[in-house]
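Enquirer: Okay, so here is upload-v1.txt, and as you'll see once you scroll down, it has compact mmCIF, C-alpha atoms.
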```txt
# COMPACT_ATOMS: atom_id res chain seq x y z
CA MET A 1 -21.36 -8.13 -32.49
CA ALA A 2 -21.37 -8.67 -36.17
CA GLY A 3 -20.70 -7.01 -39.46
CA ASP A 4 -17.34 -5.41 -40.06
CA PRO A 5 -14.77 -8.08 -39.27
CA SER A 6 -12.07 -5.49 -38.76
CA GLN A 7 -13.90 -4.08 -35.71
CA PRO A 8 -14.74 -7.02 -33.43
CA SER A 9 -12.39 -6.10 -30.63
CA ALA A 10 -13.79 -2.58 -30.37
CA ASP A 11 -17.33 -3.90 -30.04
CA TRP A 12 -16.32 -6.57 -27.55
CA THR A 13 -14.55 -3.99 -25.41
CA ARG A 14 -17.43 -1.55 -25.61
CA LEU A 15 -19.89 -4.24 -24.54
CA LEU A 16 -17.65 -5.41 -21.72
CA ILE A 17 -17.23 -1.88 -20.34
CA ARG A 18 -20.93 -1.09 -20.66
CA ASN A 19 -22.02 -4.38 -19.07
CA THR A 20 -19.52 -4.04 -16.22
CA LEU A 21 -20.73 -0.55 -15.36
CA LEU A 22 -24.35 -1.71 -15.51
CA TRP A 23 -23.64 -4.65 -13.20
CA ILE A 24 -21.95 -2.59 -10.47
CA ALA A 25 -25.16 -1.44 -8.74
CA PRO A 26 -26.92 -4.86 -8.60
CA VAL A 27 -23.71 -6.55 -7.46
CA ALA A 28 -23.22 -3.88 -4.77
CA LEU A 29 -26.74 -4.51 -3.50
CA VAL A 30 -26.21 -8.28 -3.25
CA TRP A 31 -22.80 -7.76 -1.63
CA TYR A 32 -24.27 -5.36 0.93
CA LEU A 33 -27.07 -7.77 1.82
CA LEU A 34 -24.74 -10.76 2.18
CA THR A 35 -22.00 -8.89 4.04
CA PRO A 36 -23.16 -9.60 7.64
CA LEU A 37 -23.34 -13.33 6.92
CA TYR A 38 -20.05 -13.34 5.03
CA ASN A 39 -18.27 -11.39 7.80
CA ARG A 40 -19.26 -14.00 10.40
CA MET A 41 -18.17 -16.85 8.14
CA LEU A 42 -14.88 -15.07 7.47
CA LEU A 43 -14.17 -14.49 11.17
CA ARG A 44 -15.04 -18.06 12.12
CA THR A 45 -12.87 -19.59 9.40
CA ALA A 46 -9.94 -17.25 10.05
CA GLN A 47 -10.14 -17.99 13.79
CA SER A 48 -10.00 -21.74 13.10
CA LEU A 49 -7.02 -21.23 10.82
CA LEU A 50 -5.25 -19.16 13.49
CA HIS A 51 -5.90 -21.88 16.07
CA LEU A 52 -4.04 -24.38 13.90
CA GLY A 53 -0.83 -22.45 14.57
CA GLU A 54 -1.40 -21.72 18.27
CA HIS A 55 -0.39 -23.89 21.24
CA PRO A 56 -2.30 -23.25 23.41
CA VAL A 57 -5.18 -21.68 21.53
CA VAL A 58 -5.39 -18.00 22.49
CA THR A 59 -7.01 -15.94 19.73
CA ASP A 60 -10.69 -15.14 19.55
CA LEU A 61 -12.28 -13.00 16.86
CA TYR A 62 -15.57 -11.47 18.03
CA PRO A 63 -18.01 -9.85 15.62
CA LYS A 64 -19.16 -6.39 16.61
CA ASP A 65 -22.38 -5.40 14.82
CA ASN A 66 -22.55 -6.35 11.14
CA HIS A 67 -19.31 -4.83 9.89
CA ASP A 68 -16.63 -4.77 12.60
CA ALA A 69 -14.74 -7.25 14.76
CA TYR A 70 -12.57 -7.38 17.86
CA ILE A 71 -9.34 -9.29 18.33
CA ALA A 72 -9.09 -10.93 21.76
CA ARG A 73 -6.38 -13.00 23.44
CA ARG A 74 -7.21 -15.44 26.22
CA ASP A 75 -3.67 -15.24 27.69
CA LEU A 76 -3.71 -11.51 28.36
CA PRO A 77 -5.43 -9.81 31.30
CA LYS A 78 -7.39 -7.51 28.98
CA ARG A 79 -8.86 -10.00 26.57
CA LEU A 80 -10.20 -7.39 24.18
CA LEU A 81 -7.04 -5.78 22.93
CA PRO A 82 -6.90 -1.97 22.81
CA GLY A 83 -6.84 -0.94 19.17
CA GLY A 84 -7.73 -4.46 18.14
CA ALA A 85 -10.99 -3.58 16.45
CA PHE A 86 -11.09 -3.69 12.69
CA ARG A 87 -13.65 -3.30 9.94
CA VAL A 88 -14.17 -6.68 8.31
CA THR A 89 -16.34 -5.24 5.54
CA ASP A 90 -13.42 -3.15 4.26
CA LEU A 91 -11.45 -6.32 3.61
CA HIS A 92 -13.73 -7.74 0.94
CA PHE A 93 -15.27 -4.94 -1.11
CA HIS A 94 -13.27 -6.28 -4.07
CA PHE A 95 -16.30 -8.56 -4.58
CA LEU A 96 -17.95 -5.55 -6.26
CA LEU A 97 -15.32 -5.49 -8.98
CA LEU A 98 -15.20 -9.25 -9.22
CA GLY A 99 -18.94 -9.65 -9.70
CA ALA A 100 -19.27 -6.79 -12.18
CA LEU A 101 -16.30 -7.92 -14.26
CA PHE A 102 -17.34 -11.57 -14.41
CA LEU A 103 -21.00 -10.87 -15.11
CA GLY A 104 -20.20 -8.21 -17.70
CA VAL A 105 -18.25 -10.40 -20.12
CA PRO A 106 -20.07 -10.41 -23.46
CA ALA A 107 -20.59 -13.43 -25.75
CA VAL A 108 -20.40 -15.98 -22.92
CA SER A 109 -23.31 -18.19 -21.89
CA TRP A 110 -24.92 -17.57 -18.51
CA ARG A 111 -23.95 -21.04 -17.41
CA ASP A 112 -20.26 -20.34 -18.09
CA ARG A 113 -20.45 -16.83 -16.66
CA LEU A 114 -21.94 -18.03 -13.38
CA GLY A 115 -19.67 -21.07 -13.22
CA ASN A 116 -16.54 -18.95 -13.68
CA LEU A 117 -17.85 -16.40 -11.18
CA GLY A 118 -18.41 -19.21 -8.66
CA TRP A 119 -14.82 -20.44 -8.92
CA ALA A 120 -13.49 -16.89 -8.76
CA ALA A 121 -15.66 -16.13 -5.71
CA LEU A 122 -14.34 -19.25 -4.00
CA ALA A 123 -10.75 -18.17 -4.66
CA THR A 124 -11.59 -14.70 -3.38
CA ALA A 125 -13.13 -16.10 -0.20
CA CYS A 126 -9.93 -18.11 0.46
CA PHE A 127 -7.92 -14.93 -0.10
CA ASP A 128 -10.15 -13.04 2.35
CA VAL A 129 -9.62 -15.65 5.06
CA LEU A 130 -5.86 -15.31 4.56
CA LEU A 131 -6.21 -11.53 4.71
CA VAL A 132 -7.96 -11.69 8.10
CA VAL A 133 -5.24 -14.04 9.40
CA ALA A 134 -2.55 -11.70 8.05
CA TYR A 135 -4.28 -8.75 9.69
CA VAL A 136 -4.35 -10.46 13.10
CA GLU A 137 -0.70 -11.52 12.83
CA PHE A 138 0.24 -8.01 11.69
CA PHE A 139 -1.56 -6.63 14.73
CA TYR A 140 0.25 -8.98 17.11
CA ALA A 141 3.64 -8.33 15.52
CA THR A 142 3.56 -4.57 15.15
CA GLN A 143 0.69 -2.90 16.99
CA MET A 144 0.99 -4.10 20.59
CA GLY A 145 3.99 -2.07 21.68
CA SER A 146 6.38 -3.80 24.07
CA TRP A 147 4.42 -7.06 23.86
CA SER A 148 5.06 -7.13 20.09
CA THR A 149 8.79 -6.50 20.41
CA ALA A 150 9.06 -9.12 23.16
CA HIS A 151 7.34 -11.82 21.11
CA TYR A 152 8.31 -11.01 17.52
CA GLY A 153 11.80 -10.41 16.14
CA ALA A 154 12.71 -7.72 13.62
CA PHE A 155 12.37 -10.10 10.68
CA ALA A 156 8.93 -11.28 11.77
CA ARG A 157 7.72 -7.71 12.30
CA ASN A 158 8.90 -6.69 8.83
CA PHE A 159 7.53 -9.89 7.32
CA TYR A 160 4.05 -9.40 8.74
CA GLY A 161 4.14 -5.64 8.09
CA LEU A 162 5.03 -6.05 4.41
CA GLY A 163 2.75 -9.07 4.07
CA LYS A 164 -0.24 -7.16 5.37
CA HIS A 165 0.64 -4.15 3.19
CA LEU A 166 0.86 -6.30 0.05
CA LEU A 167 -2.23 -8.38 0.76
CA ASP A 168 -4.37 -5.48 1.93
CA LEU A 169 -3.54 -3.09 -0.91
CA PRO A 170 -2.24 -4.40 -4.24
CA PHE A 171 -3.35 -8.00 -4.12
CA LYS A 172 -6.74 -7.25 -2.60
CA LEU A 173 -7.43 -4.55 -5.15
CA ALA A 174 -5.94 -6.42 -8.12
CA LEU A 175 -7.38 -9.83 -7.28
CA PRO A 176 -10.53 -9.33 -9.42
CA LEU A 177 -8.37 -8.40 -12.40
CA VAL A 178 -6.03 -11.37 -11.85
CA LEU A 179 -8.95 -13.80 -11.63
CA TRP A 180 -10.74 -12.21 -14.57
CA ALA A 181 -7.56 -12.46 -16.64
CA ALA A 182 -7.09 -16.09 -15.61
CA PHE A 183 -10.55 -16.94 -16.99
CA TYR A 184 -10.97 -14.50 -19.86
CA LEU A 185 -7.52 -13.41 -21.05
CA PRO A 186 -7.44 -16.06 -23.81
CA ARG A 187 -10.74 -14.69 -25.09
CA MET A 188 -9.46 -11.14 -24.90
CA LEU A 189 -6.24 -12.04 -26.67
CA ALA A 190 -8.33 -13.69 -29.36
CA GLU A 191 -10.29 -10.46 -29.71
CA VAL A 192 -7.03 -8.53 -29.92
CA ARG A 193 -6.15 -10.55 -33.01
CA PRO A 194 -9.42 -10.53 -34.91
CA ALA A 195 -7.97 -11.88 -38.13
CA ALA A 196 -6.95 -15.14 -36.51
CA HIS A 197 -10.22 -15.82 -34.68
CA PRO A 198 -13.88 -15.46 -35.54
CA PRO A 199 -15.46 -12.46 -33.87
CA ALA A 200 -17.74 -12.81 -30.89
CA THR A 201 -21.39 -12.57 -31.75
CA ARG A 202 -23.03 -10.84 -28.84
CA MET B 1 3.57 -56.41 -63.90
CA ALA B 2 1.62 -59.24 -62.41
CA ARG B 3 2.06 -60.22 -58.82
CA LYS B 4 2.49 -63.84 -57.98
CA HIS B 5 -0.25 -65.34 -55.88
CA GLY B 6 0.67 -67.17 -52.72
CA THR B 7 2.20 -65.88 -49.56
CA PRO B 8 1.93 -62.18 -49.23
CA PRO B 9 5.16 -60.24 -49.52
CA LYS B 10 6.90 -59.56 -46.27
CA VAL B 11 6.69 -56.03 -45.10
CA PRO B 12 9.23 -54.95 -42.52
CA SER B 13 7.28 -54.49 -39.34
CA ARG B 14 7.50 -51.15 -37.46
CA PRO B 15 6.27 -50.34 -34.00
CA PRO B 16 3.10 -48.27 -34.16
CA ALA B 17 3.81 -44.57 -34.17
CA PRO B 18 2.89 -42.82 -30.94
CA PRO B 19 -0.10 -40.51 -31.19
CA ALA B 20 0.94 -37.01 -32.17
CA ALA B 21 1.54 -35.13 -28.93
CA GLY B 22 -0.41 -31.87 -28.74
CA PRO B 23 1.08 -28.72 -27.37
CA SER B 24 1.70 -28.80 -23.65
CA PHE B 25 -0.29 -26.73 -21.15
CA TRP B 26 2.56 -24.23 -21.02
CA GLN B 27 2.76 -23.98 -24.83
CA ARG B 28 -0.99 -23.52 -25.13
CA ASN B 29 -1.18 -20.86 -22.42
CA ARG B 30 2.28 -19.32 -22.62
CA ARG B 31 1.10 -15.76 -23.26
CA GLU B 32 -1.60 -15.86 -20.58
CA LEU B 33 0.66 -17.40 -17.93
CA THR B 34 3.48 -14.99 -18.77
CA PHE B 35 1.09 -12.08 -18.38
CA LEU B 36 -0.25 -13.30 -15.02
CA VAL B 37 3.18 -14.04 -13.52
CA LEU B 38 4.68 -10.78 -14.78
CA PHE B 39 1.67 -8.83 -13.54
CA VAL B 40 1.86 -10.27 -10.03
CA VAL B 41 5.65 -9.78 -9.87
CA LEU B 42 5.44 -6.17 -11.07
CA LEU B 43 2.56 -5.46 -8.70
CA GLY B 44 4.35 -6.92 -5.68
CA GLY B 45 7.62 -5.19 -6.64
CA SER B 46 6.10 -1.77 -7.18
CA PHE B 47 4.08 -1.86 -3.96
CA SER B 48 7.12 -3.08 -2.01
CA LEU B 49 9.04 -0.14 -3.47
CA ILE B 50 6.52 2.45 -2.30
CA ALA B 51 6.48 0.83 1.14
CA LEU B 52 10.11 1.88 1.67
CA ASN B 53 10.38 4.90 3.96
CA TRP B 54 12.76 6.75 1.65
CA VAL B 55 10.48 6.34 -1.37
CA ASN B 56 7.47 7.28 0.72
CA ASP B 57 9.13 10.43 2.04
CA HIS B 58 10.71 11.57 -1.22
CA ALA B 59 8.15 10.50 -3.80
CA VAL B 60 4.78 9.42 -2.39
CA GLU B 61 4.32 12.24 0.16
CA PRO B 62 5.25 15.06 -2.27
CA PHE B 63 2.99 13.50 -4.89
CA THR B 64 0.14 13.26 -2.37
CA ALA B 65 0.71 16.89 -1.35
CA ALA B 66 0.48 17.88 -5.03
CA VAL B 67 -2.82 15.98 -5.30
CA ALA B 68 -4.06 17.86 -2.21
CA ARG B 69 -3.01 21.24 -3.66
CA LEU B 70 -4.72 20.54 -6.98
CA SER B 71 -7.86 19.28 -5.22
CA GLY B 72 -7.89 22.29 -2.89
CA ALA B 73 -7.45 24.69 -5.80
CA THR B 74 -10.36 23.04 -7.61
CA LEU B 75 -12.54 23.23 -4.48
CA ASN B 76 -11.67 26.92 -4.12
CA PHE B 77 -12.57 27.44 -7.77
CA PHE B 78 -16.03 26.14 -6.87
CA GLY B 79 -16.25 28.49 -3.88
CA GLN B 80 -15.48 26.13 -1.00
CA HIS B 81 -12.84 28.38 0.65
CA VAL B 82 -10.41 25.71 1.81
CA VAL B 83 -6.77 25.95 2.83
CA MET B 84 -4.14 23.30 2.18
CA ARG B 85 -1.53 22.20 4.71
CA GLY B 86 0.66 19.42 3.33
CA THR B 87 -1.73 16.61 2.56
CA VAL B 88 -4.63 18.15 4.51
CA ILE B 89 -7.48 20.10 2.92
CA GLN B 90 -9.14 22.18 5.64
CA GLY B 91 -12.47 23.96 5.31
CA HIS B 92 -14.76 25.67 7.81
CA ARG B 93 -16.91 22.58 8.39
CA PHE B 94 -14.74 19.64 7.41
CA ALA B 95 -11.17 18.55 6.74
CA VAL B 96 -9.71 15.64 4.80
CA ASN B 97 -6.22 14.23 5.04
CA ILE B 98 -5.19 12.61 1.78
CA ARG B 99 -3.18 9.52 2.60
CA ASN B 100 -1.96 6.43 0.81
CA GLY B 101 -4.96 4.81 -0.78
CA CYS B 102 -6.51 8.18 -1.66
CA ASN B 103 -3.83 9.54 -3.96
CA GLY B 104 -4.53 7.32 -6.94
CA ILE B 105 -1.12 5.66 -6.74
CA GLU B 106 -2.60 2.20 -6.09
CA ALA B 107 -4.78 2.33 -9.19
CA MET B 108 -1.88 3.75 -11.20
CA LEU B 109 0.45 0.93 -10.13
CA ILE B 110 -2.15 -1.75 -10.90
CA PHE B 111 -2.68 -0.18 -14.33
CA LEU B 112 1.07 0.21 -14.89
CA SER B 113 1.76 -3.42 -13.94
CA ALA B 114 -1.00 -4.69 -16.22
CA VAL B 115 0.17 -2.58 -19.17
CA LEU B 116 3.83 -3.56 -18.76
CA ALA B 117 2.96 -7.25 -18.40
CA PHE B 118 0.71 -7.35 -21.46
CA PRO B 119 2.24 -8.56 -24.74
CA ALA B 120 2.32 -5.36 -26.77
CA SER B 121 4.87 -3.04 -28.37
CA TRP B 122 6.74 -0.55 -26.20
CA LYS B 123 5.24 2.30 -28.19
CA SER B 124 1.74 1.12 -27.29
CA LYS B 125 2.77 0.60 -23.68
CA LEU B 126 4.19 4.10 -23.33
CA LEU B 127 1.12 5.62 -24.93
CA GLY B 128 -1.14 3.57 -22.64
CA LEU B 129 0.84 4.52 -19.54
CA ALA B 130 0.77 8.23 -20.36
CA LEU B 131 -2.95 8.39 -21.16
CA GLY B 132 -4.03 5.85 -18.53
CA THR B 133 -2.23 7.40 -15.57
CA ALA B 134 -3.48 10.85 -16.56
CA ALA B 135 -7.07 9.53 -16.76
CA ILE B 136 -6.75 7.79 -13.38
CA GLN B 137 -5.52 11.01 -11.78
CA VAL B 138 -8.45 12.92 -13.25
CA VAL B 139 -10.85 10.36 -11.75
CA ASN B 140 -8.97 10.54 -8.44
CA LEU B 141 -9.30 14.32 -8.44
CA VAL B 142 -13.05 13.89 -8.83
CA ARG B 143 -12.93 11.38 -5.95
CA VAL B 144 -11.15 13.74 -3.54
CA ILE B 145 -13.48 16.61 -4.38
CA ALA B 146 -16.56 14.40 -4.10
CA LEU B 147 -15.36 13.00 -0.77
CA TYR B 148 -14.75 16.48 0.64
CA LEU B 149 -18.21 17.58 -0.44
CA THR B 150 -19.70 14.36 0.99
CA GLY B 151 -17.99 15.11 4.31
CA VAL B 152 -19.40 18.65 4.31
CA TYR B 153 -22.95 17.95 3.17
CA PHE B 154 -23.55 14.21 3.89
CA PRO B 155 -21.16 13.30 6.73
CA LYS B 156 -22.98 10.07 7.53
CA LEU B 157 -22.14 8.73 4.09
CA PHE B 158 -18.46 9.65 4.27
CA ASP B 159 -17.03 6.36 5.60
CA ALA B 160 -18.77 4.06 3.14
CA SER B 161 -18.14 6.49 0.32
CA HIS B 162 -14.46 6.80 1.23
CA THR B 163 -13.58 3.15 1.64
CA VAL B 164 -15.93 1.15 -0.50
CA ILE B 165 -17.52 3.24 -3.22
CA TRP B 166 -14.74 5.49 -4.46
CA GLN B 167 -11.93 3.01 -3.92
CA SER B 168 -13.86 0.46 -5.99
CA LEU B 169 -14.68 3.01 -8.66
CA VAL B 170 -11.09 4.21 -9.08
CA ILE B 171 -9.76 0.64 -9.32
CA LEU B 172 -12.58 -0.25 -11.71
CA VAL B 173 -11.65 2.70 -13.91
CA GLY B 174 -8.04 1.47 -13.95
CA VAL B 175 -9.11 -2.06 -14.89
CA LEU B 176 -11.50 -0.89 -17.62
CA LEU B 177 -8.88 1.48 -19.01
CA TRP B 178 -6.46 -1.42 -19.25
CA ILE B 179 -9.00 -3.61 -21.03
CA TYR B 180 -9.78 -0.74 -23.42
CA TRP B 181 -6.09 -0.14 -24.06
CA ALA B 182 -5.33 -3.83 -24.55
CA ASN B 183 -8.09 -4.20 -27.12
CA ARG B 184 -7.71 -0.95 -29.01
CA PHE B 185 -4.23 0.43 -28.84
CA ALA B 186 -2.25 -2.72 -28.22
CA SER B 187 -3.91 -4.52 -31.13
CA ARG B 188 -4.12 -1.76 -33.69
CA ARG B 189 -0.79 -0.04 -33.59
CA GLU B 190 1.47 -3.02 -33.93
CA PRO B 191 1.03 -6.73 -33.57
CA ALA B 192 1.61 -8.08 -30.09
CA THR B 193 5.12 -9.31 -29.50
```
Could you express the structure from this file as structure tokens?

Expert:
Amino acid sequence: MAGDPSQPSADWTRLLIRNTLLWIAPVALVWYLLTPLYNRMLLRTAQSLLHLGEHPVVTDLYPKDNHDAYIARRDLPKRLLPGGAFRVTDLHFHFLLLGALFLGVPAVSWRDRLGNLGWAALATACFDVLLVVAYVEFFYATQMGSWSTAHYGAFARNFYGLGKHLLDLPFKLALPLVLWAAFYLPRMLAEVRPAAHPPATR
Amino acid sequence: MARKHGTPPKVPSRPPAPPAAGPSFWQRNRRELTFLVLFVVLLGGSFSLIALNWVNDHAVEPFTAAVARLSGATLNFFGQHVVMRGTVIQGHRFAVNIRNGCNGIEAMLIFLSAVLAFPASWKSKLLGLALGTAAIQVVNLVRVIALYLTGVYFPKLFDASHTVIWQSLVILVGVLLWIYWANRFASRREPAT
């Protein structure tokens, strides 16, 4: 990006949008290939986290093929809970946006791009573990009929219901934007005020 | 005037001045942190609002039904012969029920929260909100129509297309629209406040 100093932000934006759209397909391919491995890691970590709050330990998360999982409780006669299957892959497709946005930023070295993407991916993985935990707690608190009402009060049911709603929709979908803004908003704000900062060059 | 040689004149001693303190982390990143906190608060607040039963029944459901009617009318325009019942679009071979997550409201609220949280003039914000939400709804209309046609002609691809592909694309459009707005409109019209 060079030349007319009054136009740097337009060029930067155009490059960012173009690069992001170009990165979507390769990122989707990598995400699809890594998903079975990531799902198992996610289930194992979330199960360990759930066990920290259980005395005695009762929850098991079983993978079912490459994309789904079952919730099971050791203290109930039917260990595999009816309706307790969920699609793990649907919890983390925000990696598509994350990868495309972070790899599409223009005028940043590959080393910085990949480094920032690595930190953002780590934060996203932590979020995904929390999302699985929230999903299981939401299921226990609201989806098991009389068992739920016997073991969870009204406040807990609302807390887990709203928590799952917020984590599963707005924060899951907006997480890539939040992380991108955390890393690149200063650069974007600099581009917004071209007179005060030198324009990006690529 | 000549200075007498001998003992040097006494200079009143002062403690060394402390090194000039730079701006704090907050001062350096005030605009970025304000944006992030405001964005998360607006996002959480707006999604909590639409989770209320009253808001869902009186605003979200009618809006979703309007999306279904518009999508159904467009499908009929292209010769699909569908009927609409509330939020359901029913054809001879396939039916879709448009629910939360498929009405574009999520992408609109993410876009709205990002625009409102960004340091820009209210005029720019209102312009961005009007154009951005309209653009997101156009993309969402394309999504509903494409999903219906996928269900009719490529049913095996419907699930992945529904959850992963189109949801990602609609959110991506919202994010890119915000970035475009922040760089073009927010910077050109008036300086950021």

Enquirer: Mind dumping a table of every chain A residue within 10 Å of chain B, with the nearest atom pair and its distance in Å to one decimal, using only C-alpha atoms, sorted by chain and rising number, as a Markdown table?

Expert:
```
| residue | atom | partner | partner_atom | distance |
| --- | --- | --- | --- | --- |
| A:Gln7 | CA | B:Arg184 | CA | 9.6 |
| A:Pro8 | CA | B:Asn183 | CA | 9.6 |
| A:Ser9 | CA | B:Asn183 | CA | 5.9 |
| A:Ala10 | CA | B:Arg184 | CA | 6.4 |
| A:Asp11 | CA | B:Asn183 | CA | 9.7 |
| A:Trp12 | CA | B:Asn183 | CA | 8.6 |
| A:Thr13 | CA | B:Tyr180 | CA | 6.1 |
| A:Arg14 | CA | B:Tyr180 | CA | 8.0 |
| A:Leu16 | CA | B:Leu176 | CA | 8.7 |
| A:Ile17 | CA | B:Leu176 | CA | 6.4 |
| A:Arg18 | CA | B:Leu176 | CA | 9.9 |
| A:Thr20 | CA | B:Leu176 | CA | 8.7 |
| A:Leu21 | CA | B:Leu172 | CA | 8.9 |
| A:Ile24 | CA | B:Leu169 | CA | 9.4 |
| A:Ala28 | CA | B:Ile165 | CA | 9.3 |
| A:Thr89 | CA | B:Val164 | CA | 8.8 |
| A:Asp90 | CA | B:Thr163 | CA | 6.8 |
| A:Leu91 | CA | B:Val164 | CA | 9.6 |
| A:His92 | CA | B:Val164 | CA | 9.3 |
| A:Phe93 | CA | B:Val164 | CA | 6.2 |
| A:His94 | CA | B:Ser168 | CA | 7.0 |
| A:Phe95 | CA | B:Ser168 | CA | 9.4 |
| A:Leu96 | CA | B:Ser168 | CA | 7.3 |
| A:Leu97 | CA | B:Leu172 | CA | 6.5 |
| A:Leu98 | CA | B:Leu172 | CA | 9.7 |
| A:Ala100 | CA | B:Leu172 | CA | 9.4 |
| A:Leu101 | CA | B:Leu172 | CA | 8.9 |
| A:Gly161 | CA | B:Ala51 | CA | 9.8 |
| A:Leu162 | CA | B:Ser48 | CA | 7.4 |
| A:Gly163 | CA | B:Ser48 | CA | 9.6 |
| A:His165 | CA | B:Ala51 | CA | 7.9 |
| A:Leu166 | CA | B:Gly44 | CA | 6.7 |
| A:Leu167 | CA | B:Gly44 | CA | 9.3 |
| A:Leu169 | CA | B:Glu106 | CA | 7.5 |
| A:Pro170 | CA | B:Leu43 | CA | 6.6 |
| A:Phe171 | CA | B:Leu43 | CA | 7.9 |
| A:Leu173 | CA | B:Ile171 | CA | 7.1 |
| A:Ala174 | CA | B:Ile110 | CA | 6.6 |
| A:Leu175 | CA | B:Val40 | CA | 9.7 |
| A:Pro176 | CA | B:Val175 | CA | 9.2 |
| A:Leu177 | CA | B:Val175 | CA | 6.9 |
| A:Val178 | CA | B:Leu36 | CA | 6.9 |
| A:Leu179 | CA | B:Leu36 | CA | 9.4 |
| A:Ala181 | CA | B:Leu36 | CA | 7.5 |
| A:Ala182 | CA | B:Glu32 | CA | 7.4 |
| A:Phe183 | CA | B:Glu32 | CA | 9.7 |
| A:Tyr184 | CA | B:Glu32 | CA | 9.5 |
| A:Leu185 | CA | B:Glu32 | CA | 6.4 |
| A:Pro186 | CA | B:Glu32 | CA | 6.7 |
| A:Met188 | CA | B:Asn183 | CA | 7.4 |
| A:Leu189 | CA | B:Asn183 | CA | 8.1 |
| A:Ala190 | CA | B:Asn183 | CA | 9.8 |
| A:Glu191 | CA | B:Asn183 | CA | 7.1 |
| A:Val192 | CA | B:Ser187 | CA | 5.2 |
| A:Arg193 | CA | B:Ser187 | CA | 6.7 |
| A:Pro194 | CA | B:Ser187 | CA | 9.0 |
```

Enquirer: When distances are computed from all atoms listed in the file, which of A:Met144, A:Ala69, A:Ala107, A:Leu50 shows the smallest separation from A:Asn19?

Expert: A:Ala107

Enquirer: What is the atom CA of A:Pro56 to atom CA of A:Leu43 distance in Å?

Expert: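 Computed distance, atom CA of A:Pro56 to atom CA of A:Leu43, equals 19.2 Å.
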
Enquirer: Rank A:Gly99, A:Ala125, A:Val132, A:Glu137 by their smallest atom-to-atom distance to A:Leu29, using only C-alpha atoms, and report the top residue only.

Expert: A:Gly99

Enquirer: Taking all atoms of stretch 89-100 of chain A that the file lists, what box with edges along x, y and z, padded by 8 Å per side, do you get, with centre and edge lengths in Å to one decimal, as lines of an AutoDock Vina configuration file?

Expert:
```
center_x = -15.4
center_y = -6.4
center_z = -3.3
size_x = 23.8
size_y = 22.5
size_z = 33.7
```

Enquirer: Please provide the set of residues having any atom within 12 Å of A:Asp112, restricted to all atoms listed in the file, with same-chain residues fewer than 6 positions apart removed, written as a tab-separated table (two decimals) with C-alpha atoms, keeping the file's coordinate frame.

Expert:
```tsv
chain	number	residue	atom	x	y	z
A	102	PHE	CA	-17.34	-11.57	-14.41
A	103	LEU	CA	-21.00	-10.87	-15.11
A	105	VAL	CA	-18.25	-10.40	-20.12
A	106	PRO	CA	-20.07	-10.41	-23.46
A	118	GLY	CA	-18.41	-19.21	-8.66
A	119	TRP	CA	-14.82	-20.44	-8.92
A	183	PHE	CA	-10.55	-16.94	-16.99
A	184	TYR	CA	-10.97	-14.50	-19.86
```

Enquirer: From the options A:Trp31, A:Gly104, A:Leu117, A:Tyr70, which residue's atoms come nearest to A:Leu15, counting all atoms listed in the file?

Expert: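 Of A:Trp31, A:Gly104, A:Leu117, A:Tyr70, the one nearest A:Leu15 is A:Gly104, counting all atoms listed in the file.
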
Enquirer: For B:Arg143, please output as a ChimeraX atom specification all residues within 9 Å (counting all atoms listed in the file; exclusion window: fewer than 5 positions along the same chain).

Expert: /B:102,138,148,162,166-167,169-170

Enquirer: Pull C-alpha atoms from the residues just selected and write them as a compact mmCIF listing (two decimals), keeping the file's coordinate frame.

Expert:
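Listed below is the output, result-v3.txt:
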```
# COMPACT_ATOMS: atom_id res chain seq x y z
CA CYS B 102 -6.51 8.18 -1.66
CA VAL B 138 -8.45 12.92 -13.25
CA TYR B 148 -14.75 16.48 0.64
CA HIS B 162 -14.46 6.80 1.23
CA TRP B 166 -14.74 5.49 -4.46
CA GLN B 167 -11.93 3.01 -3.92
CA LEU B 169 -14.68 3.01 -8.66
CA VAL B 170 -11.09 4.21 -9.08
```

Enquirer: Please measure the separation of atom CA of B:Leu157 and atom CA of A:Tyr135, giving the value in Å to one decimal.

Expert: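 Atom CA of A:Tyr135 lies 25.6 Å from atom CA of B:Leu157.
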
Enquirer: When distances are computed from all atoms listed in the file, which of B:Lys125, B:Gly151, B:Ser161, B:Ala66 shows the smallest separation from B:His92?

Expert: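 Answer, going by the shortest atom-to-atom distance: B:Gly151.
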
Enquirer: B:Thr87: which residues within 12 Å, counting all atoms listed in the file, same-chain residues fewer than 2 positions away excluded, as number ranges by chain?

Expert: B: 60-72, 83-85, 89-90, 95-100, 102-103, 144

Enquirer: So the first atom is atom CA of B:Ala134 and the second is atom CA of B:Val115; what is the distance between them in Å, to one decimal place?

Expert: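 Interatomic distance here is 14.2 Å.
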
Enquirer: Pick out the closest residue to A:Asn39 from this set: A:Ala150, A:Val108, A:Ala25, A:Leu61. Count all atoms listed in the file.

Expert: A:Leu61

Enquirer: Of the candidates B:Ala120, B:Val88, B:Ala73, B:Ile105, which one gets nearest to B:Gln137 if we count only C-alpha atoms?

Expert: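 So, comparing all the options, the nearest one is B:Ile105.
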